[in-house]
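Just below is one structure, and these are the notes that go with it.
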Amino acid sequence: MVNDTIADMLTRIRNANLAKHQIVQIPLTKVTKNIAKVLLAEDLINSCEELKNGTRSSLLLSLKYNGKARVPSIQKIQRISKPGLRVYSSAKKMPRVLGGFGTAIVSTSKGLMTDKEARQQQIGGEILCYIW
């Protein structure tokens with residue numbers, strides 16, 4: 001169930017980027033909220049806002065574009081860990097995305113964080129996705 005929401009979130013962001021949409025609406029879960037916080041902290045999106053519509057809540061993400069040509073700040077989102085094949089990494093073997101230019105989002109025992117934060121705190125975990 002959790003990984004379905006991750007796949008849905010990444011696909012919605014990828015599609016909105018390709019269509020050059022300014023905002024994208026994503027169903028609200030704890031995982032999607034934490035991924036949005038990581039994207040905001042890494043300056044890959046402009047803002048994140050919660051919408052509450054009765055029993056259904058959602059996140060509104062404002063995507064970030066650079067220059068007059070509106071080049072997306074998120075060039076690619078690649079899902080790594082899948083329900084059929086989980087990918088785990090220790091802190092010492094944490095992958096560097098594009099030699100450090102990209103970001104890996106890691107699910108650790110202390111919550112979701114980037115690969116850099118996981119390395120600093122010396123925590124391993126499940127690698128959810130790569131973003132650059």
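Chain lettering (A, B, ...) mirrors the order of the structure tokens, residue numbering begins at 1 for each chain separately, and ligand numbering begins at 1 in order of display.
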All helix (DSSP H, G or I) positions in region 9-54 of chain A, as a ChimeraX atom specification: /A:9-18,30-41
Distance query Ile26 (chain A) at most 8 Å, only C-alpha atoms, self and fewer than 2 positions along chain excluded, as a PyMOL selection string: chain A and resi 9+12+24+28+32+58-61
Which residues come within 10 Å of Glu117 (chain A), counting only C-alpha atoms, excluding same-chain residues fewer than 6 positions away, as an mmCIF file with all heavy atoms, in the first residue's frame?
```
data_model
loop_
_atom_site.group_PDB
_atom_site.id
_atom_site.type_symbol
_atom_site.label_atom_id
_atom_site.label_comp_id
_atom_site.auth_asym_id
_atom_site.auth_seq_id
_atom_site.Cartn_x
_atom_site.Cartn_y
_atom_site.Cartn_z
ATOM 1 N N ALA A 91 24.989 2.648 5.604
ATOM 2 C CA ALA A 91 25.466 4.023 5.519
ATOM 3 C C ALA A 91 26.773 4.103 4.738
ATOM 4 O O ALA A 91 27.004 5.055 3.986
ATOM 5 C CB ALA A 91 25.654 4.600 6.913
ATOM 6 N N ILE A 105 16.389 9.513 -1.979
ATOM 7 C CA ILE A 105 15.527 9.588 -0.799
ATOM 8 C C ILE A 105 15.541 8.213 -0.153
ATOM 9 O O ILE A 105 15.259 7.204 -0.797
ATOM 10 C CB ILE A 105 14.104 10.025 -1.167
ATOM 11 C CG1 ILE A 105 14.136 11.440 -1.736
ATOM 12 C CG2 ILE A 105 13.199 9.961 0.061
ATOM 13 C CD1 ILE A 105 12.795 11.998 -2.118
ATOM 14 N N VAL A 106 15.895 8.195 1.136
ATOM 15 C CA VAL A 106 16.092 6.951 1.874
ATOM 16 C C VAL A 106 15.111 6.886 3.039
ATOM 17 O O VAL A 106 14.936 7.865 3.768
ATOM 18 C CB VAL A 106 17.548 6.878 2.408
ATOM 19 C CG1 VAL A 106 17.796 5.567 3.115
ATOM 20 C CG2 VAL A 106 18.551 7.069 1.296
ATOM 21 N N ILE A 123 23.318 6.114 9.122
ATOM 22 C CA ILE A 123 22.127 5.262 9.158
ATOM 23 C C ILE A 123 21.898 4.699 7.763
ATOM 24 O O ILE A 123 21.972 5.424 6.783
ATOM 25 C CB ILE A 123 20.873 6.076 9.555
ATOM 26 C CG1 ILE A 123 21.066 6.730 10.918
ATOM 27 C CG2 ILE A 123 19.643 5.194 9.579
ATOM 28 C CD1 ILE A 123 19.954 7.674 11.277
#
```
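For the residues A:Arg86, A:Lys64, A:Lys116, A:Lys33, ranking by smallest atom-to-atom distance to Ser47 (chain A) using only C-alpha atoms places A:Lys64 first.
Among the candidate residues A:Pro27, A:Glu126, A:Asp43, A:Val71, the one lying nearest to Pro83 (chain A) is A:Glu126, with distances computed using only C-alpha atoms.
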Residues flagged strand (DSSP E or B) by DSSP in chain A, as number ranges by chain: A: 23-27, 45-53, 56-63, 65-66, 71-72, 77-79, 82, 85, 88-89, 103-108, 111-114, 125-131
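CA of Lys76 (chain A) lies 10.7 Å from CA of Thr11 (chain A).
The coordinates place CA of Gly99 (chain A) at 26.3 Å from CA of Val31 (chain A).
With only C-alpha atoms as the atoms that count, the residue of A:Leu18, A:Ile45, A:Met94, A:Ile74 with the shortest distance to Thr114 (chain A) is A:Met94.
If you look at CA of Ile80 (chain A) and CA of Asn34 (chain A), they are 17.3 Å away from each other.
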Spatial neighbours of Leu10 (chain A), 8 Å, only C-alpha atoms, chain gap at least 4 places, as a list in words: Ile6, Arg14, Ile77 and Arg79 of chain A
Go ahead and dump the residues you just picked, N, CA and C atoms, as a CSV table (one decimal), in the first residue's frame.
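Output file part_37.csv follows:
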```
chain,number,residue,atom,x,y,z
A,6,ILE,N,3.8,5.9,-3.2
A,6,ILE,CA,5.1,6.4,-3.6
A,6,ILE,C,5.2,6.4,-5.2
A,14,ARG,N,6.4,13.4,-12.2
A,14,ARG,CA,7.0,13.3,-13.5
A,14,ARG,C,6.1,13.7,-14.7
A,77,ILE,N,13.0,11.6,-12.2
A,77,ILE,CA,12.7,10.9,-10.9
A,77,ILE,C,12.7,9.4,-11.3
A,79,ARG,N,12.4,5.6,-9.7
A,79,ARG,CA,12.0,4.7,-8.5
A,79,ARG,C,13.0,3.6,-8.4
```
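The residue that comes closest to Leu85 (chain A), out of A:Lys20, A:Ala36, A:Ile127, A:Glu42 and on the basis of only C-alpha atoms, is A:Ile127.
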